[in-house]
Amino acid sequence: MKKDLPENIVREISIAVVLESESPTEKNWHVYLVNEKSEPLKNVFVTSKGYGVKDGKDVKTSTLRQFLADVASNSFIKIEAIDEQVFGLTNEYWLSYYIDEVIYDKKYIFLPESIVDSNLVRVPLVNKPGVVIGGMN
C-alpha cells in the first residue's frame, strides 16, 4: 500500500538556470544540478522537456534524458545548455537519484516567463546569477 512506502523527501537539492555570460547581443544560459547535501548522490538521472503555447500554437520540445552518474556532496554539475527561446514555455526537470540504496525523485518546474532578470539570485555553490528551484527548503 502507498501508506507503507517511506517518505523520501528531497531536500538540499536544487535545479538552477544560470546566466553563464552575457554580451551586448546575447546571454549564455546553462542548467545546473546543485547538491547542498553533505552526502553524494548516486546514479543521478535527469529528464528535461519544455511545453506550452507560443504564438497561439501548442509547442513541445524533445524530451532529453541524461545520466549524470554521481554528484559529490556540496557540489554542482552542469546538466545542459538552455536557449532563451524556451523561457516562454514551462520547462520541466525530473530528477532521480540514490542515497544509501534508497531512491529519491522530484520534479522541478520553471513556469513560463519565470526565468527573467528580476528573479535572478546568487546560486549557491555555483556563485553565479540564476533562477533557483529547491535548495535548503
# chains A, B, ... in the order shown; residues from 1 in each chain; ligands from 1
>>> residues_around(residues="region 132-137 of chain A", least_positions_apart="2", cutoff="7 Å", atoms="only C-alpha atoms", output="ChimeraX atom specification")
/A:11-17,108,123,130
>>> write_last_selection(atoms="all heavy atoms", output="tab-separated table (two decimals), in the first residue's frame")
chain	number	residue	atom	x	y	z
A	11	ARG	N	15.50	17.22	-0.15
A	11	ARG	CA	15.90	18.47	0.48
A	11	ARG	C	17.34	18.76	0.10
A	11	ARG	O	18.12	17.85	-0.15
A	11	ARG	CB	15.80	18.38	2.00
A	11	ARG	CG	14.39	18.34	2.51
A	11	ARG	CD	14.35	18.52	4.03
A	11	ARG	NE	13.00	18.56	4.51
A	11	ARG	CZ	12.37	17.51	5.03
A	11	ARG	NH1	12.98	16.36	5.15
A	11	ARG	NH2	11.12	17.63	5.44
A	12	GLU	N	17.69	20.04	0.09
A	12	GLU	CA	19.06	20.49	-0.16
A	12	GLU	C	19.56	20.15	-1.55
A	12	GLU	O	20.76	20.07	-1.79
A	12	GLU	CB	20.02	19.93	0.89
A	12	GLU	CG	19.65	20.32	2.30
A	12	GLU	CD	20.52	19.65	3.35
A	12	GLU	OE1	20.63	18.42	3.33
A	12	GLU	OE2	21.08	20.41	4.15
A	13	ILE	N	18.62	19.96	-2.48
A	13	ILE	CA	18.94	19.71	-3.88
A	13	ILE	C	18.16	20.74	-4.70
A	13	ILE	O	16.96	20.92	-4.50
A	13	ILE	CB	18.51	18.30	-4.34
A	13	ILE	CG1	19.06	17.23	-3.41
A	13	ILE	CG2	18.90	18.07	-5.79
A	13	ILE	CD1	20.54	17.04	-3.47
A	14	SER	N	18.84	21.41	-5.62
A	14	SER	CA	18.13	22.38	-6.45
A	14	SER	C	18.52	22.24	-7.91
A	14	SER	O	19.56	21.67	-8.25
A	14	SER	CB	18.40	23.81	-5.96
A	14	SER	OG	19.77	24.09	-5.97
A	15	ILE	N	17.65	22.76	-8.75
A	15	ILE	CA	17.92	22.92	-10.18
A	15	ILE	C	17.95	24.42	-10.41
A	15	ILE	O	17.08	25.15	-9.94
A	15	ILE	CB	16.82	22.27	-11.05
A	15	ILE	CG1	16.71	20.76	-10.78
A	15	ILE	CG2	17.08	22.56	-12.53
A	15	ILE	CD1	17.84	19.91	-11.31
A	16	ALA	N	18.97	24.88	-11.12
A	16	ALA	CA	19.13	26.32	-11.36
A	16	ALA	C	19.41	26.59	-12.83
A	16	ALA	O	20.19	25.89	-13.45
A	16	ALA	CB	20.27	26.87	-10.50
A	17	VAL	N	18.74	27.60	-13.35
A	17	VAL	CA	19.05	28.11	-14.68
A	17	VAL	C	19.99	29.29	-14.45
A	17	VAL	O	19.60	30.29	-13.84
A	17	VAL	CB	17.78	28.54	-15.44
A	17	VAL	CG1	18.14	29.13	-16.79
A	17	VAL	CG2	16.84	27.35	-15.60
A	108	TYR	N	11.00	19.47	-10.89
A	108	TYR	CA	11.24	20.91	-10.76
A	108	TYR	C	10.64	21.56	-11.99
A	108	TYR	O	10.98	21.19	-13.12
A	108	TYR	CB	12.73	21.20	-10.70
A	108	TYR	CG	13.44	20.58	-9.52
A	108	TYR	CD1	13.84	19.25	-9.52
A	108	TYR	CD2	13.73	21.34	-8.39
A	108	TYR	CE1	14.50	18.69	-8.44
A	108	TYR	CE2	14.39	20.79	-7.30
A	108	TYR	CZ	14.77	19.46	-7.34
A	108	TYR	OH	15.42	18.91	-6.26
A	123	VAL	N	23.33	31.87	-7.11
A	123	VAL	CA	23.10	30.43	-6.98
A	123	VAL	C	24.12	29.83	-6.03
A	123	VAL	O	25.33	30.02	-6.23
A	123	VAL	CB	23.16	29.73	-8.36
A	123	VAL	CG1	22.97	28.24	-8.22
A	123	VAL	CG2	22.13	30.32	-9.31
A	130	GLY	N	21.30	33.38	-11.20
A	130	GLY	CA	20.40	32.41	-11.83
A	130	GLY	C	19.06	32.37	-11.13
A	130	GLY	O	18.83	33.05	-10.13
>>> residues_around(residues="region 51-61 of chain A", least_positions_apart="2", cutoff="6 Å", atoms="only C-alpha atoms", output="MDAnalysis selection string")
chainID A and resid 49 89:90
>>> select_by_dssp(residues="chain A", states="helix (DSSP H, G or I)", output="list in words")
Lys2, Lys3, Asp4, Glu84, Gln85, Val86, Asp117, Ser118 and Asn119 of chain A
>>> atom_distance(atom1="CA of His30 (chain A)", atom2="CA of Leu68 (chain A)")
15.2 Å
>>> closest_residue(among="A:Lys106, A:Lys78, A:Lys128, A:Lys37", to="Ile9 (chain A)", atoms="only C-alpha atoms")
A:Lys106
>>> select_by_dssp(residues="region 50-128 of chain A", states="strand (DSSP E or B)", output="ChimeraX atom specification")
/A:50-54,57-60,64-71,75-82,90-99,102-110,121-122
>>> closest_residue(among="A:Leu95, A:Ala72, A:Ile77, A:Val131", to="Leu41 (chain A)", atoms="only C-alpha atoms")
A:Ala72
>>> atom_distance(atom1="CA of Val34 (chain A)", atom2="CA of Glu22 (chain A)")
21.8 Å
>>> decode(residues="region 57-82 of chain A", atoms="N, CA, C and O atoms", output="mmCIF file, in the first residue's frame")
data_model
loop_
_atom_site.group_PDB
_atom_site.id
_atom_site.type_symbol
_atom_site.label_atom_id
_atom_site.label_comp_id
_atom_site.auth_asym_id
_atom_site.auth_seq_id
_atom_site.Cartn_x
_atom_site.Cartn_y
_atom_site.Cartn_z
ATOM 1 N N LYS A 57 0.066 28.556 -30.730
ATOM 2 C CA LYS A 57 0.152 27.136 -31.078
ATOM 3 C C LYS A 57 0.755 26.358 -29.911
ATOM 4 O O LYS A 57 1.647 26.847 -29.216
ATOM 5 N N ASP A 58 0.254 25.128 -29.725
ATOM 6 C CA ASP A 58 0.853 24.254 -28.719
ATOM 7 C C ASP A 58 2.261 23.873 -29.171
ATOM 8 O O ASP A 58 2.471 23.507 -30.334
ATOM 9 N N VAL A 59 3.200 23.970 -28.235
ATOM 10 C CA VAL A 59 4.606 23.677 -28.538
ATOM 11 C C VAL A 59 5.117 22.671 -27.523
ATOM 12 O O VAL A 59 4.792 22.747 -26.337
ATOM 13 N N LYS A 60 5.916 21.721 -27.996
ATOM 14 C CA LYS A 60 6.548 20.726 -27.137
ATOM 15 C C LYS A 60 7.978 20.545 -27.620
ATOM 16 O O LYS A 60 8.214 20.380 -28.818
ATOM 17 N N THR A 61 8.929 20.592 -26.689
ATOM 18 C CA THR A 61 10.315 20.319 -27.075
ATOM 19 C C THR A 61 10.564 18.817 -26.967
ATOM 20 O O THR A 61 9.746 18.069 -26.433
ATOM 21 N N SER A 62 11.693 18.399 -27.458
ATOM 22 C CA SER A 62 12.102 16.999 -27.281
ATOM 23 C C SER A 62 12.349 16.742 -25.807
ATOM 24 O O SER A 62 12.744 17.640 -25.061
ATOM 25 N N THR A 63 12.138 15.515 -25.383
ATOM 26 C CA THR A 63 12.483 15.116 -24.021
ATOM 27 C C THR A 63 13.924 14.636 -24.037
ATOM 28 O O THR A 63 14.275 13.739 -24.800
ATOM 29 N N LEU A 64 14.743 15.261 -23.199
ATOM 30 C CA LEU A 64 16.146 14.872 -23.100
ATOM 31 C C LEU A 64 16.342 14.076 -21.823
ATOM 32 O O LEU A 64 15.805 14.432 -20.770
ATOM 33 N N ARG A 65 17.120 13.012 -21.922
ATOM 34 C CA ARG A 65 17.418 12.177 -20.764
ATOM 35 C C ARG A 65 18.926 12.145 -20.575
ATOM 36 O O ARG A 65 19.650 11.859 -21.509
ATOM 37 N N GLN A 66 19.339 12.431 -19.339
ATOM 38 C CA GLN A 66 20.776 12.480 -19.081
ATOM 39 C C GLN A 66 21.113 11.709 -17.813
ATOM 40 O O GLN A 66 20.511 11.931 -16.768
ATOM 41 N N PHE A 67 22.091 10.826 -17.946
ATOM 42 C CA PHE A 67 22.611 10.102 -16.795
ATOM 43 C C PHE A 67 23.875 10.833 -16.362
ATOM 44 O O PHE A 67 24.829 10.947 -17.126
ATOM 45 N N LEU A 68 23.865 11.358 -15.147
ATOM 46 C CA LEU A 68 24.980 12.168 -14.663
ATOM 47 C C LEU A 68 25.914 11.393 -13.729
ATOM 48 O O LEU A 68 26.816 11.972 -13.154
ATOM 49 N N ALA A 69 25.670 10.093 -13.567
ATOM 50 C CA ALA A 69 26.462 9.238 -12.669
ATOM 51 C C ALA A 69 26.338 9.743 -11.243
ATOM 52 O O ALA A 69 25.246 9.835 -10.721
ATOM 53 N N ASP A 70 27.451 10.113 -10.620
ATOM 54 C CA ASP A 70 27.434 10.537 -9.222
ATOM 55 C C ASP A 70 27.726 12.033 -9.113
ATOM 56 O O ASP A 70 28.483 12.583 -9.915
ATOM 57 N N VAL A 71 27.129 12.664 -8.115
ATOM 58 C CA VAL A 71 27.367 14.078 -7.840
ATOM 59 C C VAL A 71 27.868 14.167 -6.402
ATOM 60 O O VAL A 71 27.167 13.761 -5.472
ATOM 61 N N ALA A 72 29.072 14.675 -6.238
ATOM 62 C CA ALA A 72 29.698 14.758 -4.913
ATOM 63 C C ALA A 72 28.905 15.661 -3.977
ATOM 64 O O ALA A 72 28.121 16.500 -4.416
ATOM 65 N N SER A 73 29.135 15.493 -2.685
ATOM 66 C CA SER A 73 28.484 16.351 -1.698
ATOM 67 C C SER A 73 28.955 17.788 -1.873
ATOM 68 O O SER A 73 30.075 18.036 -2.320
ATOM 69 N N ASN A 74 28.079 18.733 -1.546
ATOM 70 C CA ASN A 74 28.386 20.163 -1.640
ATOM 71 C C ASN A 74 29.055 20.529 -2.964
ATOM 72 O O ASN A 74 30.106 21.163 -2.997
ATOM 73 N N SER A 75 28.420 20.102 -4.043
ATOM 74 C CA SER A 75 28.966 20.401 -5.367
ATOM 75 C C SER A 75 27.825 20.625 -6.357
ATOM 76 O O SER A 75 26.652 20.542 -6.002
ATOM 77 N N PHE A 76 28.175 20.873 -7.598
ATOM 78 C CA PHE A 76 27.179 21.101 -8.638
ATOM 79 C C PHE A 76 27.688 20.495 -9.926
ATOM 80 O O PHE A 76 28.883 20.226 -10.074
ATOM 81 N N ILE A 77 26.760 20.264 -10.846
ATOM 82 C CA ILE A 77 27.115 19.694 -12.143
ATOM 83 C C ILE A 77 26.215 20.319 -13.208
ATOM 84 O O ILE A 77 25.025 20.545 -12.973
ATOM 85 N N LYS A 78 26.805 20.599 -14.356
ATOM 86 C CA LYS A 78 26.048 21.180 -15.465
ATOM 87 C C LYS A 78 25.207 20.090 -16.118
ATOM 88 O O LYS A 78 25.710 19.009 -16.423
ATOM 89 N N ILE A 79 23.919 20.369 -16.294
ATOM 90 C CA ILE A 79 23.018 19.418 -16.943
ATOM 91 C C ILE A 79 22.983 19.651 -18.450
ATOM 92 O O ILE A 79 23.196 18.741 -19.234
ATOM 93 N N GLU A 80 22.705 20.918 -18.839
ATOM 94 C CA GLU A 80 22.568 21.216 -20.267
ATOM 95 C C GLU A 80 22.560 22.719 -20.495
ATOM 96 O O GLU A 80 22.344 23.495 -19.573
ATOM 97 N N ALA A 81 22.779 23.092 -21.738
ATOM 98 C CA ALA A 81 22.589 24.484 -22.156
ATOM 99 C C ALA A 81 21.095 24.681 -22.387
ATOM 100 O O ALA A 81 20.373 23.733 -22.688
ATOM 101 N N ILE A 82 20.624 25.910 -22.219
ATOM 102 C CA ILE A 82 19.210 26.205 -22.460
ATOM 103 C C ILE A 82 19.119 27.505 -23.245
ATOM 104 O O ILE A 82 19.832 28.469 -22.962
#
